[in-house]
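> One structure, as structure tokens, below. Some questions next.
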Amino acid sequence: MKIEKQMKASFSVIGKEGSTLDGQGFIQKLWEDANSHFSEVQALAKKDENGNLIGIWGAMSDYTHSFKPWEENFSKGLYLAGIECTDDAYAPDGWTKWTIPSYEYLCVEVESESTFLDVLDYMNTNSIALVGAVHDFTCPSSGKNYMYFPIRTL
């Protein structure tokens with residue numbers, strides 16, 4: 001498991017919001033909804049110099065939208081399935097915009113279903129505190145999936 005530190009300034013995501021209260025499989029349903037209506041937000045997405053999307057995010061927060069870790073052993077919280085967008089973008093009807101604070105993150109490529117727990121074990125062993133909710137990131141150019149673990153507020 002390769003762990004890299006990365007600073008990321010505050011950024012915005014427009015997506016479909018759901019909650020663990022919505023029941024099992026809610027994340028997959030959010031992604032299906034977001035993907036099937038992507039044309040509604042495509043123009044709001046941040047793009048690189050070649051016109052490619054900057055990032056696809058599964059952003060997470062506690063129920064208060066404070067970007068604290070999910071509660072009850074990471075089993076209860078909010079999820080936003082979406083794209084990184086410009087900070088001045090307005091979410092169309094049916095979409096939600098979150099602005100995620102600046103953090104220093106531990107970034108890890110998802111290699112197995114145990115990646116999340118493996119990183120939490122690494123953090124515990126090395127006395128590194130989790131200071132916010134973990135986010136899923138998909139790199140549009142490579143298709144690789146990563147997890148971002150906030151370890152320090154910037």
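Here's how to read the names in the structure tokens: chain A, B, ... by the order shown, residue numbers from 1 in each chain, ligand numbers from 1 in the order shown.
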Extract the full set of strand (DSSP E) residues from segment 54-120 of chain A according to DSSP on the backbone, and format it as a PDB file with C-alpha atoms, in the first residue's frame.


ATOM      1  CA  ILE A  56     -15.037  12.589  -9.854  1.00  0.00           C
ATOM      2  CA  TRP A  57     -15.769  12.554  -6.131  1.00  0.00           C
ATOM      3  CA  GLY A  58     -17.691  10.463  -3.670  1.00  0.00           C
ATOM      4  CA  ALA A  59     -17.563  13.108  -0.970  1.00  0.00           C
ATOM      5  CA  MET A  60     -18.635  12.264   2.551  1.00  0.00           C
ATOM      6  CA  SER A  61     -19.767  14.132   5.636  1.00  0.00           C
ATOM      7  CA  LEU A  78     -23.957  11.596   4.050  1.00  0.00           C
ATOM      8  CA  TYR A  79     -22.553  10.901   0.585  1.00  0.00           C
ATOM      9  CA  LEU A  80     -22.351  13.138  -2.474  1.00  0.00           C
ATOM     10  CA  ALA A  81     -21.757  11.422  -5.831  1.00  0.00           C
ATOM     11  CA  GLY A  82     -20.491  14.063  -8.222  1.00  0.00           C
ATOM     12  CA  ILE A  83     -17.906  16.058 -10.086  1.00  0.00           C
ATOM     13  CA  GLU A  84     -15.472  18.735  -9.030  1.00  0.00           C
ATOM     14  CA  CYS A  85     -16.902  22.046 -10.200  1.00  0.00           C
ATOM     15  CA  THR A  96     -26.471  19.553  -4.382  1.00  0.00           C
ATOM     16  CA  LYS A  97     -23.230  21.501  -4.067  1.00  0.00           C
ATOM     17  CA  TRP A  98     -20.739  20.979  -1.268  1.00  0.00           C
ATOM     18  CA  THR A  99     -17.627  23.062  -0.666  1.00  0.00           C
ATOM     19  CA  ILE A 100     -15.092  20.884   1.088  1.00  0.00           C
ATOM     20  CA  TYR A 103      -6.975  19.726   4.254  1.00  0.00           C
ATOM     21  CA  GLU A 104      -3.746  17.823   4.147  1.00  0.00           C
ATOM     22  CA  TYR A 105      -4.677  14.288   3.108  1.00  0.00           C
ATOM     23  CA  LEU A 106      -3.225  10.839   3.093  1.00  0.00           C
ATOM     24  CA  CYS A 107      -4.026   9.610  -0.421  1.00  0.00           C
ATOM     25  CA  VAL A 108      -4.136   5.913  -1.155  1.00  0.00           C
ATOM     26  CA  GLU A 109      -5.029   4.038  -4.315  1.00  0.00           C
TER      27      GLU A 109
END

> Can you pull out every residue within 6 Å of Asn145 of chain A, counting only C-alpha atoms, but drop anything in the same chain fewer than 3 positions away, and send it as a list in words?

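Non-adjacent residues within range: Glu109, Val110, Phe137 and Thr138 of chain A.
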
> Let me make sure I understand: among A:Ser102, A:Ser12, A:Asn73, A:Ser142, which one has the smallest atom-to-atom distance to Leu117 of chain A if we use only C-alpha atoms?

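The closest residue to Leu117 of chain A is A:Asn73.
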
> Using only C-alpha atoms, which of A:Leu154, A:Leu120, A:Ile128, A:Leu53 sits nearest Pro140 of chain A?

A:Leu53

> Which residue gives the smallest distance to Ser10 of chain A among A:Pro69, A:Ser141, A:Thr86, A:Ile27, with only C-alpha atoms counted?

A:Thr86

> Find the distance between atom CA of Val119 of chain A and atom CA of Gly15 of chain A and write it in Å to one decimal.

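So the answer is 26.1 Å.
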